[in-house]
Structure formats: C-alpha cells, structure tokens
>>> print(open('model-v3.csv').read())   # CSV, N, CA and C atoms
chain,number,residue,atom,x,y,z
A,1,MET,N,115.5,34.9,100.6
A,1,MET,CA,115.7,36.2,100.0
A,1,MET,C,115.2,36.1,98.6
A,2,GLY,N,114.6,37.2,98.2
A,2,GLY,CA,114.0,37.3,96.9
A,2,GLY,C,115.0,37.9,95.9
A,3,LEU,N,114.5,38.7,94.9
A,3,LEU,CA,115.3,39.2,93.9
A,3,LEU,C,114.9,40.7,93.7
A,4,SER,N,115.9,41.6,93.6
A,4,SER,CA,115.6,42.9,93.2
A,4,SER,C,116.5,43.2,91.9
A,5,TRP,N,116.1,44.3,91.2
A,5,TRP,CA,116.8,44.6,90.0
A,5,TRP,C,116.9,46.1,89.9
A,6,GLN,N,118.0,46.6,89.6
A,6,GLN,CA,118.2,48.1,89.3
A,6,GLN,C,118.8,48.2,87.9
A,7,LEU,N,118.3,49.2,87.2
A,7,LEU,CA,118.9,49.5,85.9
A,7,LEU,C,119.3,51.0,85.9
A,8,ARG,N,120.6,51.2,85.4
A,8,ARG,CA,121.1,52.5,85.3
A,8,ARG,C,121.8,52.8,84.0
A,9,ASN,N,121.8,54.0,83.5
A,9,ASN,CA,122.5,54.4,82.4
A,9,ASN,C,123.9,54.8,82.8
A,10,ALA,N,124.9,54.2,82.3
A,10,ALA,CA,126.3,54.5,82.7
A,10,ALA,C,127.0,55.3,81.5
A,11,GLY,N,126.2,56.0,80.7
A,11,GLY,CA,126.7,56.8,79.7
A,11,GLY,C,127.0,56.0,78.4
A,12,ASP,N,127.9,55.1,78.4
A,12,ASP,CA,128.2,54.3,77.2
A,12,ASP,C,127.6,52.9,77.2
A,13,ARG,N,126.9,52.6,78.2
A,13,ARG,CA,126.2,51.3,78.4
A,13,ARG,C,125.1,51.4,79.4
A,14,LEU,N,124.2,50.4,79.3
A,14,LEU,CA,123.2,50.3,80.4
A,14,LEU,C,123.7,49.2,81.3
A,15,VAL,N,123.5,49.3,82.6
A,15,VAL,CA,123.9,48.4,83.6
A,15,VAL,C,122.7,47.9,84.4
A,16,GLY,N,122.4,46.6,84.3
A,16,GLY,CA,121.4,46.0,85.0
A,16,GLY,C,122.0,45.2,86.2
A,17,ALA,N,121.5,45.4,87.4
A,17,ALA,CA,122.1,44.8,88.6
A,17,ALA,C,121.1,44.0,89.4
A,18,PRO,N,121.0,42.7,89.2
A,18,PRO,CA,120.1,41.9,90.0
A,18,PRO,C,120.8,41.7,91.4
A,19,GLU,N,120.0,41.5,92.4
A,19,GLU,CA,120.5,41.2,93.7
A,19,GLU,C,119.7,40.2,94.4
A,20,GLY,N,120.3,39.2,95.0
A,20,GLY,CA,119.6,38.1,95.6
A,20,GLY,C,119.8,36.8,94.9
A,21,ARG,N,118.7,36.1,94.7
A,21,ARG,CA,118.8,34.7,94.1
A,21,ARG,C,117.8,34.7,92.9
A,22,VAL,N,118.3,34.0,91.8
A,22,VAL,CA,117.4,33.7,90.7
A,22,VAL,C,117.2,32.2,90.8
A,23,ASP,N,116.0,31.8,91.2
A,23,ASP,CA,115.6,30.4,91.4
A,23,ASP,C,114.2,30.2,90.9
A,24,GLU,N,113.6,29.1,91.3
A,24,GLU,CA,112.3,28.7,90.8
A,24,GLU,C,111.2,29.8,91.1
A,25,THR,N,111.4,30.6,92.2
A,25,THR,CA,110.4,31.5,92.5
A,25,THR,C,110.6,32.9,92.0
A,26,THR,N,111.8,33.2,91.5
A,26,THR,CA,112.2,34.5,91.0
A,26,THR,C,112.6,34.6,89.6
A,27,TRP,N,112.8,33.5,88.9
A,27,TRP,CA,113.3,33.5,87.6
A,27,TRP,C,112.4,34.3,86.6
A,28,GLU,N,111.1,34.2,86.7
A,28,GLU,CA,110.3,35.0,85.8
A,28,GLU,C,110.4,36.5,86.0
A,29,ALA,N,110.6,37.0,87.2
A,29,ALA,CA,110.8,38.4,87.4
A,29,ALA,C,112.2,38.8,86.8
A,30,PHE,N,113.2,38.0,87.0
A,30,PHE,CA,114.5,38.2,86.4
A,30,PHE,C,114.4,38.3,84.9
A,31,CYS,N,113.7,37.3,84.3
A,31,CYS,CA,113.6,37.3,82.9
A,31,CYS,C,112.9,38.5,82.4
A,32,GLY,N,111.8,39.0,83.1
A,32,GLY,CA,111.1,40.2,82.7
A,32,GLY,C,112.0,41.4,82.7
A,33,HIS,N,112.8,41.6,83.8
A,33,HIS,CA,113.7,42.7,84.0
A,33,HIS,C,114.8,42.7,82.9
A,34,LEU,N,115.3,41.5,82.6
A,34,LEU,CA,116.4,41.3,81.7
A,34,LEU,C,115.9,41.7,80.3
A,35,THR,N,114.7,41.2,79.9
A,35,THR,CA,114.1,41.4,78.6
A,35,THR,C,113.8,42.9,78.4
A,36,ALA,N,113.3,43.5,79.4
A,36,ALA,CA,113.0,45.0,79.4
A,36,ALA,C,114.3,45.8,79.2
A,37,ALA,N,115.4,45.3,79.9
A,37,ALA,CA,116.7,46.0,79.8
A,37,ALA,C,117.3,45.9,78.4
A,38,VAL,N,117.1,44.7,77.8
A,38,VAL,CA,117.6,44.5,76.5
A,38,VAL,C,116.9,45.4,75.5
A,39,ARG,N,115.6,45.5,75.7
A,39,ARG,CA,114.8,46.4,74.8
A,39,ARG,C,115.2,47.9,75.0
A,40,ASP,N,115.4,48.3,76.2
A,40,ASP,CA,115.9,49.6,76.5
A,40,ASP,C,117.3,49.9,75.9
A,41,ALA,N,118.2,48.9,76.0
A,41,ALA,CA,119.5,49.0,75.4
A,41,ALA,C,119.4,49.1,73.9
A,42,ALA,N,118.6,48.3,73.3
A,42,ALA,CA,118.4,48.4,71.8
A,42,ALA,C,117.9,49.7,71.4
A,43,ALA,N,116.9,50.2,72.1
A,43,ALA,CA,116.3,51.5,71.8
A,43,ALA,C,117.3,52.7,71.9
A,44,ALA,N,118.2,52.5,72.9
A,44,ALA,CA,119.3,53.6,73.1
A,44,ALA,C,120.5,53.3,72.3
A,45,GLY,N,120.6,52.2,71.6
A,45,GLY,CA,121.8,51.8,70.8
A,45,GLY,C,123.0,51.6,71.7
A,46,LEU,N,122.8,51.0,72.9
A,46,LEU,CA,123.9,50.8,73.9
A,46,LEU,C,124.0,49.3,74.2
A,47,PRO,N,125.2,48.9,74.6
A,47,PRO,CA,125.4,47.5,75.1
A,47,PRO,C,124.8,47.4,76.5
A,48,LEU,N,124.5,46.2,76.9
A,48,LEU,CA,124.0,45.9,78.2
A,48,LEU,C,125.0,45.1,79.0
A,49,VAL,N,125.3,45.6,80.2
A,49,VAL,CA,126.1,44.9,81.2
A,49,VAL,C,125.2,44.4,82.3
A,50,VAL,N,125.3,43.1,82.6
A,50,VAL,CA,124.5,42.6,83.7
A,50,VAL,C,125.5,42.4,84.9
A,51,ASP,N,125.4,43.2,85.9
A,51,ASP,CA,126.3,43.2,87.0
A,51,ASP,C,125.8,42.1,88.0
A,52,LEU,N,126.6,41.0,88.0
A,52,LEU,CA,126.3,39.8,88.8
A,52,LEU,C,126.9,39.8,90.2
A,53,SER,N,127.5,40.9,90.6
A,53,SER,CA,128.3,41.0,91.8
A,53,SER,C,127.4,40.7,93.1
A,54,LYS,N,126.1,41.0,93.0
A,54,LYS,CA,125.3,40.8,94.2
A,54,LYS,C,124.3,39.7,94.0
A,55,LEU,N,124.6,38.9,93.0
A,55,LEU,CA,123.7,37.7,92.8
A,55,LEU,C,124.4,36.5,93.5
A,56,GLU,N,123.6,35.9,94.4
A,56,GLU,CA,124.1,34.8,95.2
A,56,GLU,C,124.1,33.5,94.5
A,57,TYR,N,123.0,33.3,93.7
A,57,TYR,CA,122.8,32.0,93.1
A,57,TYR,C,121.9,32.1,91.9
A,58,MET,N,122.1,31.2,90.9
A,58,MET,CA,121.2,31.2,89.7
A,58,MET,C,120.9,29.7,89.4
A,59,SER,N,119.7,29.3,89.4
A,59,SER,CA,119.3,28.0,89.0
A,59,SER,C,119.2,27.8,87.5
A,60,SER,N,118.9,26.6,87.0
A,60,SER,CA,118.8,26.4,85.6
A,60,SER,C,117.7,27.3,85.0
A,61,ARG,N,116.7,27.6,85.7
A,61,ARG,CA,115.7,28.5,85.2
A,61,ARG,C,116.2,29.9,85.0
A,62,GLY,N,117.2,30.4,85.8
A,62,GLY,CA,117.8,31.6,85.6
A,62,GLY,C,118.7,31.6,84.3
A,63,LEU,N,119.3,30.5,84.1
A,63,LEU,CA,120.1,30.3,82.8
A,63,LEU,C,119.1,30.4,81.6
A,64,ARG,N,118.0,29.8,81.8
A,64,ARG,CA,117.0,29.9,80.7
A,64,ARG,C,116.6,31.3,80.5
A,65,ALA,N,116.5,32.1,81.5
A,65,ALA,CA,116.2,33.5,81.4
A,65,ALA,C,117.3,34.3,80.6
A,66,LEU,N,118.5,33.9,80.9
A,66,LEU,CA,119.6,34.5,80.2
A,66,LEU,C,119.5,34.1,78.7
A,67,THR,N,119.2,32.9,78.4
A,67,THR,CA,119.0,32.5,77.0
A,67,THR,C,117.9,33.3,76.3
A,68,ILE,N,116.8,33.5,77.0
A,68,ILE,CA,115.7,34.3,76.5
A,68,ILE,C,116.2,35.8,76.2
A,69,GLY,N,117.0,36.3,77.2
A,69,GLY,CA,117.5,37.6,77.0
A,69,GLY,C,118.5,37.7,75.8
A,70,ARG,N,119.3,36.7,75.6
A,70,ARG,CA,120.2,36.6,74.5
A,70,ARG,C,119.5,36.6,73.2
A,71,ARG,N,118.4,35.8,73.1
A,71,ARG,CA,117.6,35.7,71.9
A,71,ARG,C,117.0,37.1,71.6
A,72,GLU,N,116.5,37.7,72.6
A,72,GLU,CA,115.8,39.0,72.5
A,72,GLU,C,116.9,40.0,71.9
A,73,ALA,N,118.1,40.0,72.4
A,73,ALA,CA,119.2,40.9,72.0
A,73,ALA,C,119.6,40.7,70.6
A,74,GLY,N,119.6,39.4,70.1
A,74,GLY,CA,120.0,39.1,68.8
A,74,GLY,C,121.4,39.8,68.5
A,75,GLU,N,121.5,40.4,67.3
A,75,GLU,CA,122.7,41.1,67.0
A,75,GLU,C,122.7,42.5,67.4
A,76,ALA,N,121.5,43.0,67.8
A,76,ALA,CA,121.4,44.4,68.1
A,76,ALA,C,122.0,44.9,69.4
A,77,VAL,N,122.1,44.0,70.4
A,77,VAL,CA,122.6,44.4,71.7
A,77,VAL,C,123.6,43.4,72.2
A,78,LYS,N,124.8,43.9,72.5
A,78,LYS,CA,125.8,43.0,73.1
A,78,LYS,C,125.6,43.0,74.6
A,79,ILE,N,125.5,41.7,75.2
A,79,ILE,CA,125.3,41.5,76.6
A,79,ILE,C,126.6,41.0,77.2
A,80,THR,N,127.0,41.7,78.2
A,80,THR,CA,128.2,41.2,79.0
A,80,THR,C,127.7,40.9,80.4
A,81,LEU,N,128.2,39.8,80.9
A,81,LEU,CA,127.9,39.4,82.3
A,81,LEU,C,129.1,39.8,83.1
A,82,ALA,N,129.0,40.6,84.1
A,82,ALA,CA,130.1,41.2,84.8
A,82,ALA,C,130.1,40.8,86.3
A,83,ALA,N,131.3,40.7,86.8
A,83,ALA,CA,131.6,40.5,88.2
A,83,ALA,C,130.9,39.3,88.9
A,84,PRO,N,130.9,38.2,88.2
A,84,PRO,CA,130.3,37.0,88.9
A,84,PRO,C,131.1,36.6,90.1
A,85,ASN,N,130.5,36.1,91.2
A,85,ASN,CA,131.3,35.5,92.3
A,85,ASN,C,131.8,34.1,91.8
A,86,ASP,N,132.6,33.5,92.6
A,86,ASP,CA,133.1,32.2,92.2
A,86,ASP,C,132.1,31.2,91.9
A,87,ARG,N,131.0,31.2,92.7
A,87,ARG,CA,129.9,30.2,92.5
A,87,ARG,C,129.2,30.4,91.1
A,88,MET,N,128.9,31.7,90.9
A,88,MET,CA,128.3,32.1,89.6
A,88,MET,C,129.2,31.8,88.4
A,89,ARG,N,130.5,32.1,88.6
A,89,ARG,CA,131.5,31.8,87.5
A,89,ARG,C,131.5,30.3,87.2
A,90,GLU,N,131.4,29.5,88.2
A,90,GLU,CA,131.4,28.0,88.0
A,90,GLU,C,130.1,27.6,87.3
A,91,ILE,N,129.0,28.1,87.7
A,91,ILE,CA,127.7,27.8,87.1
A,91,ILE,C,127.8,28.2,85.6
A,92,LEU,N,128.3,29.4,85.3
A,92,LEU,CA,128.4,29.8,83.9
A,92,LEU,C,129.3,28.9,83.1
A,93,ALA,N,130.4,28.5,83.7
A,93,ALA,CA,131.4,27.6,83.0
A,93,ALA,C,130.8,26.2,82.7
A,94,ILE,N,130.2,25.7,83.8
A,94,ILE,CA,129.7,24.3,83.6
A,94,ILE,C,128.6,24.3,82.6
A,95,SER,N,127.8,25.3,82.6
A,95,SER,CA,126.7,25.4,81.6
A,95,SER,C,127.1,25.9,80.2
A,96,ARG,N,128.4,26.3,80.1
A,96,ARG,CA,129.0,26.8,78.9
A,96,ARG,C,128.4,28.1,78.5
A,97,TYR,N,127.8,28.8,79.4
A,97,TYR,CA,127.3,30.2,79.1
A,97,TYR,C,128.5,31.2,79.0
A,98,ASP,N,129.7,30.8,79.4
A,98,ASP,CA,130.8,31.6,79.2
A,98,ASP,C,131.2,31.6,77.7
A,99,LYS,N,130.6,30.7,76.9
A,99,LYS,CA,130.8,30.7,75.4
A,99,LYS,C,129.7,31.6,74.7
A,100,LEU,N,128.6,31.8,75.4
A,100,LEU,CA,127.5,32.6,74.8
A,100,LEU,C,127.6,34.0,75.1
A,101,PHE,N,128.2,34.4,76.3
A,101,PHE,CA,128.3,35.7,76.7
A,101,PHE,C,129.8,36.1,77.0
A,102,THR,N,130.1,37.3,76.9
A,102,THR,CA,131.4,37.8,77.4
A,102,THR,C,131.2,37.9,78.9
A,103,ILE,N,132.2,37.4,79.6
A,103,ILE,CA,132.3,37.4,81.1
A,103,ILE,C,133.4,38.4,81.5
A,104,ALA,N,133.0,39.4,82.2
A,104,ALA,CA,134.0,40.4,82.6
A,104,ALA,C,134.2,40.4,84.1
A,105,ASP,N,135.5,40.6,84.6
A,105,ASP,CA,135.8,40.6,86.0
A,105,ASP,C,135.1,41.7,86.8
A,106,SER,N,134.8,42.8,86.1
A,106,SER,CA,134.2,44.0,86.8
A,106,SER,C,133.2,44.7,85.8
A,107,VAL,N,132.4,45.5,86.3
A,107,VAL,CA,131.4,46.2,85.5
A,107,VAL,C,132.2,47.2,84.6
A,108,ASP,N,133.3,47.7,85.1
A,108,ASP,CA,134.0,48.8,84.4
A,108,ASP,C,135.0,48.2,83.3
A,109,SER,N,135.2,46.9,83.4
A,109,SER,CA,136.2,46.3,82.4
A,109,SER,C,135.6,45.9,81.1
>>> encode(input="model-v3.csv", output="structure tokens")
Amino acid sequence: MGLSWQLRNAGDRLVGAPEGRVDETTWEAFCGHLTAAVRDAAAAGLPLVVDLSKLEYMSSRGLRALTIGRREAGEAVKITLAAPNDRMREILAISRYDKLFTIADSVDS
C-alpha cells in the first residue's frame, strides 16, 4: 500500500491526514505534503494537526520527515500529532518524538 494525503481547513486549524504507510518508498511524498501543509498553516496563521488515525506504519525516514516539518514550522506553526494507533504511539515514544510534538488522542482534542 502506498501513501495518500488529504488537507482540509477545519476553521481554527488545518488538518493533514496521511493514509497508508510512510516508509522508504513514500517518505519523500509525505515530507513534501507535510512541508506544504506547514507553509499553508503559516500563511493562514493556523496550527497544523496531523491526523495519524489512518497511518499504519512510519519508518525512521518518516520520523526524519517529521523533523523536517518541525524545522519548517519553527515558532510560527504549532504541529500536533493526533489519533495515533498503538503502534504509532509506541514508535513516537521510543523515538522521543512525543517530546517534540504534542500528541493528542483525537483530532478534535
């Protein structure tokens, strides 16, 4: 399975929703989508929520893409990672990305 990305304006925030897997074959697309979403959020003056609910897996390259997105955001855009499944939550905790990003149980929280 590949990767798809949807971006929507939820009024008080932008929500980016990857679906599928972020691995060695899809991480660059994920990185491009994430970086573009950060730029859109900055231009709109909105925070960005990345809805992880339909993401099955993320490799270390996907984590690298998150780091790139965080750098792009700087202080201008708050990025929240929302609704990770148990596997993603474990990956984020082991890699200590739960210290770099706010992790929310749902997109609405």
>>> residues_around(input="model-v3.csv", residues="segment 28-32 of chain A", least_positions_apart="3", cutoff="7 Å", atoms="only N, CA and C atoms", output="list in words")
Val22, Asp23, Glu24, Thr25, Thr35, Ala36, Ala37, Arg61, Ala65, Leu66 and Gly69 of chain A
>>> residues_near_point(input="model-v3.csv", point="(118.3, 52.6, 81.9)", cutoff="10 Å", atoms="only C-alpha atoms", output="ChimeraX atom specification")
/A:6-11,13-16,36-38,40-41,44,46,48
>>> write_last_selection(input="model-v3.csv", atoms="N, CA and C atoms", output="short mmCIF file (atom, residue, chain, number, x, y, z; two decimals), in the coordinates of the input")
data_model
loop_
_atom_site.label_atom_id
_atom_site.label_comp_id
_atom_site.auth_asym_id
_atom_site.auth_seq_id
_atom_site.Cartn_x
_atom_site.Cartn_y
_atom_site.Cartn_z
N GLN A 6 118.00 46.60 89.60
CA GLN A 6 118.20 48.10 89.30
C GLN A 6 118.80 48.20 87.90
N LEU A 7 118.30 49.20 87.20
CA LEU A 7 118.90 49.50 85.90
C LEU A 7 119.30 51.00 85.90
N ARG A 8 120.60 51.20 85.40
CA ARG A 8 121.10 52.50 85.30
C ARG A 8 121.80 52.80 84.00
N ASN A 9 121.80 54.00 83.50
CA ASN A 9 122.50 54.40 82.40
C ASN A 9 123.90 54.80 82.80
N ALA A 10 124.90 54.20 82.30
CA ALA A 10 126.30 54.50 82.70
C ALA A 10 127.00 55.30 81.50
N GLY A 11 126.20 56.00 80.70
CA GLY A 11 126.70 56.80 79.70
C GLY A 11 127.00 56.00 78.40
N ARG A 13 126.90 52.60 78.20
CA ARG A 13 126.20 51.30 78.40
C ARG A 13 125.10 51.40 79.40
N LEU A 14 124.20 50.40 79.30
CA LEU A 14 123.20 50.30 80.40
C LEU A 14 123.70 49.20 81.30
N VAL A 15 123.50 49.30 82.60
CA VAL A 15 123.90 48.40 83.60
C VAL A 15 122.70 47.90 84.40
N GLY A 16 122.40 46.60 84.30
CA GLY A 16 121.40 46.00 85.00
C GLY A 16 122.00 45.20 86.20
N ALA A 36 113.30 43.50 79.40
CA ALA A 36 113.00 45.00 79.40
C ALA A 36 114.30 45.80 79.20
N ALA A 37 115.40 45.30 79.90
CA ALA A 37 116.70 46.00 79.80
C ALA A 37 117.30 45.90 78.40
N VAL A 38 117.10 44.70 77.80
CA VAL A 38 117.60 44.50 76.50
C VAL A 38 116.90 45.40 75.50
N ASP A 40 115.40 48.30 76.20
CA ASP A 40 115.90 49.60 76.50
C ASP A 40 117.30 49.90 75.90
N ALA A 41 118.20 48.90 76.00
CA ALA A 41 119.50 49.00 75.40
C ALA A 41 119.40 49.10 73.90
N ALA A 44 118.20 52.50 72.90
CA ALA A 44 119.30 53.60 73.10
C ALA A 44 120.50 53.30 72.30
N LEU A 46 122.80 51.00 72.90
CA LEU A 46 123.90 50.80 73.90
C LEU A 46 124.00 49.30 74.20
N LEU A 48 124.50 46.20 76.90
CA LEU A 48 124.00 45.90 78.20
C LEU A 48 125.00 45.10 79.00
#
>>> closest_residue(input="model-v3.csv", among="A:Ala76, A:Ile68, A:Ala42, A:Leu63", to="Ala93 of chain A", atoms="only C-alpha atoms")
A:Leu63
>>> closest_residue(input="model-v3.csv", among="A:Gly2, A:Leu55, A:Asp108, A:Thr102", to="Lys78 of chain A", atoms="only N, CA and C atoms")
A:Thr102
>>> select_by_dssp(input="model-v3.csv", residues="chain A", states="strand (DSSP E or B)", output="short mmCIF file (atom, residue, chain, number, x, y, z; two decimals) with N, CA and C atoms, in the frame of the given file")
data_model
loop_
_atom_site.label_atom_id
_atom_site.label_comp_id
_atom_site.auth_asym_id
_atom_site.auth_seq_id
_atom_site.Cartn_x
_atom_site.Cartn_y
_atom_site.Cartn_z
N LEU A 3 114.50 38.70 94.90
CA LEU A 3 115.30 39.20 93.90
C LEU A 3 114.90 40.70 93.70
N SER A 4 115.90 41.60 93.60
CA SER A 4 115.60 42.90 93.20
C SER A 4 116.50 43.20 91.90
N TRP A 5 116.10 44.30 91.20
CA TRP A 5 116.80 44.60 90.00
C TRP A 5 116.90 46.10 89.90
N GLN A 6 118.00 46.60 89.60
CA GLN A 6 118.20 48.10 89.30
C GLN A 6 118.80 48.20 87.90
N LEU A 7 118.30 49.20 87.20
CA LEU A 7 118.90 49.50 85.90
C LEU A 7 119.30 51.00 85.90
N ARG A 8 120.60 51.20 85.40
CA ARG A 8 121.10 52.50 85.30
C ARG A 8 121.80 52.80 84.00
N ASN A 9 121.80 54.00 83.50
CA ASN A 9 122.50 54.40 82.40
C ASN A 9 123.90 54.80 82.80
N LEU A 14 124.20 50.40 79.30
CA LEU A 14 123.20 50.30 80.40
C LEU A 14 123.70 49.20 81.30
N VAL A 15 123.50 49.30 82.60
CA VAL A 15 123.90 48.40 83.60
C VAL A 15 122.70 47.90 84.40
N GLY A 16 122.40 46.60 84.30
CA GLY A 16 121.40 46.00 85.00
C GLY A 16 122.00 45.20 86.20
N ALA A 17 121.50 45.40 87.40
CA ALA A 17 122.10 44.80 88.60
C ALA A 17 121.10 44.00 89.40
N PRO A 18 121.00 42.70 89.20
CA PRO A 18 120.10 41.90 90.00
C PRO A 18 120.80 41.70 91.40
N GLU A 19 120.00 41.50 92.40
CA GLU A 19 120.50 41.20 93.70
C GLU A 19 119.70 40.20 94.40
N GLY A 20 120.30 39.20 95.00
CA GLY A 20 119.60 38.10 95.60
C GLY A 20 119.80 36.80 94.90
N ARG A 21 118.70 36.10 94.70
CA ARG A 21 118.80 34.70 94.10
C ARG A 21 117.80 34.70 92.90
N VAL A 22 118.30 34.00 91.80
CA VAL A 22 117.40 33.70 90.70
C VAL A 22 117.20 32.20 90.80
N LEU A 48 124.50 46.20 76.90
CA LEU A 48 124.00 45.90 78.20
C LEU A 48 125.00 45.10 79.00
N VAL A 49 125.30 45.60 80.20
CA VAL A 49 126.10 44.90 81.20
C VAL A 49 125.20 44.40 82.30
N VAL A 50 125.30 43.10 82.60
CA VAL A 50 124.50 42.60 83.70
C VAL A 50 125.50 42.40 84.90
N ASP A 51 125.40 43.20 85.90
CA ASP A 51 126.30 43.20 87.00
C ASP A 51 125.80 42.10 88.00
N LEU A 55 124.60 38.90 93.00
CA LEU A 55 123.70 37.70 92.80
C LEU A 55 124.40 36.50 93.50
N GLU A 56 123.60 35.90 94.40
CA GLU A 56 124.10 34.80 95.20
C GLU A 56 124.10 33.50 94.50
N TYR A 57 123.00 33.30 93.70
CA TYR A 57 122.80 32.00 93.10
C TYR A 57 121.90 32.10 91.90
N MET A 58 122.10 31.20 90.90
CA MET A 58 121.20 31.20 89.70
C MET A 58 120.90 29.70 89.40
N ILE A 79 125.50 41.70 75.20
CA ILE A 79 125.30 41.50 76.60
C ILE A 79 126.60 41.00 77.20
N THR A 80 127.00 41.70 78.20
CA THR A 80 128.20 41.20 79.00
C THR A 80 127.70 40.90 80.40
N LEU A 81 128.20 39.80 80.90
CA LEU A 81 127.90 39.40 82.30
C LEU A 81 129.10 39.80 83.10
N ALA A 82 129.00 40.60 84.10
CA ALA A 82 130.10 41.20 84.80
C ALA A 82 130.10 40.80 86.30
N THR A 102 130.10 37.30 76.90
CA THR A 102 131.40 37.80 77.40
C THR A 102 131.20 37.90 78.90
N ILE A 103 132.20 37.40 79.60
CA ILE A 103 132.30 37.40 81.10
C ILE A 103 133.40 38.40 81.50
N ALA A 104 133.00 39.40 82.20
CA ALA A 104 134.00 40.40 82.60
C ALA A 104 134.20 40.40 84.10
#
>>> atom_distance(input="model-v3.csv", atom1="atom N of Ile103 of chain A", atom2="atom N of Leu3 of chain A")
23.4 Å
>>> atom_distance(input="model-v3.csv", atom1="atom N of Val77 of chain A", atom2="atom C of Ile94 of chain A")
24.1 Å
>>> atom_distance(input="model-v3.csv", atom1="atom CA of Asp86 of chain A", atom2="atom CA of Thr26 of chain A")
21.1 Å
>>> residues_around(input="model-v3.csv", residues="Ala83 of chain A", least_positions_apart="4", cutoff="6 Å", atoms="only N, CA and C atoms", output="mmCIF file with N, CA and C atoms, in the frame of the given file")
data_model
loop_
_atom_site.group_PDB
_atom_site.id
_atom_site.type_symbol
_atom_site.label_atom_id
_atom_site.label_comp_id
_atom_site.auth_asym_id
_atom_site.auth_seq_id
_atom_site.Cartn_x
_atom_site.Cartn_y
_atom_site.Cartn_z
ATOM 1 N N ASP A 51 125.400 43.200 85.900
ATOM 2 C CA ASP A 51 126.300 43.200 87.000
ATOM 3 C C ASP A 51 125.800 42.100 88.000
ATOM 4 N N LEU A 52 126.600 41.000 88.000
ATOM 5 C CA LEU A 52 126.300 39.800 88.800
ATOM 6 C C LEU A 52 126.900 39.800 90.200
ATOM 7 N N SER A 53 127.500 40.900 90.600
ATOM 8 C CA SER A 53 128.300 41.000 91.800
ATOM 9 C C SER A 53 127.400 40.700 93.100
ATOM 10 N N ALA A 104 133.000 39.400 82.200
ATOM 11 C CA ALA A 104 134.000 40.400 82.600
ATOM 12 C C ALA A 104 134.200 40.400 84.100
ATOM 13 N N ASP A 105 135.500 40.600 84.600
ATOM 14 C CA ASP A 105 135.800 40.600 86.000
ATOM 15 C C ASP A 105 135.100 41.700 86.800
ATOM 16 N N SER A 106 134.800 42.800 86.100
ATOM 17 C CA SER A 106 134.200 44.000 86.800
ATOM 18 C C SER A 106 133.200 44.700 85.800
ATOM 19 N N VAL A 107 132.400 45.500 86.300
ATOM 20 C CA VAL A 107 131.400 46.200 85.500
ATOM 21 C C VAL A 107 132.200 47.200 84.600
#
>>> select_by_dssp(input="model-v3.csv", residues="chain A", states="helix (DSSP H, G or I)", output="ChimeraX atom specification")
/A:27-44,60-73,86-94
>>> closest_residue(input="model-v3.csv", among="A:Tyr57, A:Val50, A:Ala82, A:Leu34", to="Gly20 of chain A", atoms="only C-alpha atoms")
A:Tyr57
>>> decode(input="model-v3.csv", residues="segment 51-92 of chain A", atoms="C-alpha atoms", output="mmCIF file, in the first residue's frame")
data_model
loop_
_atom_site.group_PDB
_atom_site.id
_atom_site.type_symbol
_atom_site.label_atom_id
_atom_site.label_comp_id
_atom_site.auth_asym_id
_atom_site.auth_seq_id
_atom_site.Cartn_x
_atom_site.Cartn_y
_atom_site.Cartn_z
ATOM 1 C CA ASP A 51 -4.280 13.111 11.806
ATOM 2 C CA LEU A 52 -2.417 9.808 12.173
ATOM 3 C CA SER A 53 -5.547 7.668 12.567
ATOM 4 C CA LYS A 54 -5.190 6.062 9.121
ATOM 5 C CA LEU A 55 -1.421 5.729 9.177
ATOM 6 C CA GLU A 56 -0.412 2.094 9.542
ATOM 7 C CA TYR A 57 3.336 2.463 9.885
ATOM 8 C CA MET A 58 6.138 5.006 9.905
ATOM 9 C CA SER A 59 9.806 4.161 9.351
ATOM 10 C CA SER A 60 12.775 6.180 10.560
ATOM 11 C CA ARG A 61 12.608 8.112 7.301
ATOM 12 C CA GLY A 62 9.076 9.153 8.185
ATOM 13 C CA LEU A 63 10.383 10.401 11.513
ATOM 14 C CA ARG A 64 13.002 12.350 9.584
ATOM 15 C CA ALA A 65 10.181 13.929 7.570
ATOM 16 C CA LEU A 66 8.503 14.956 10.830
ATOM 17 C CA THR A 67 11.773 16.572 11.917
ATOM 18 C CA ILE A 68 11.939 18.485 8.629
ATOM 19 C CA GLY A 69 8.346 19.617 9.093
ATOM 20 C CA ARG A 70 9.091 20.748 12.656
ATOM 21 C CA ARG A 71 12.075 22.763 11.471
ATOM 22 C CA GLU A 72 9.977 24.336 8.729
ATOM 23 C CA ALA A 73 7.312 25.250 11.297
ATOM 24 C CA GLY A 74 9.766 26.869 13.695
ATOM 25 C CA GLU A 75 7.886 29.034 16.172
ATOM 26 C CA ALA A 76 5.317 30.097 13.556
ATOM 27 C CA VAL A 77 3.205 26.924 13.430
ATOM 28 C CA LYS A 78 2.249 24.575 16.235
ATOM 29 C CA ILE A 79 2.102 20.980 14.984
ATOM 30 C CA THR A 80 0.017 18.427 16.853
ATOM 31 C CA LEU A 81 0.112 14.728 16.004
ATOM 32 C CA ALA A 82 -3.372 13.330 16.582
ATOM 33 C CA ALA A 83 -5.021 9.934 16.929
ATOM 34 C CA PRO A 84 -2.005 7.649 16.530
ATOM 35 C CA ASN A 85 -2.737 3.930 16.720
ATOM 36 C CA ASP A 86 -0.943 1.880 19.375
ATOM 37 C CA ARG A 87 1.920 1.016 17.028
ATOM 38 C CA MET A 88 2.450 4.660 16.014
ATOM 39 C CA ARG A 89 2.203 5.798 19.636
ATOM 40 C CA GLU A 90 4.959 3.320 20.527
ATOM 41 C CA ILE A 91 7.148 4.485 17.619
ATOM 42 C CA LEU A 92 6.694 8.113 18.718
#
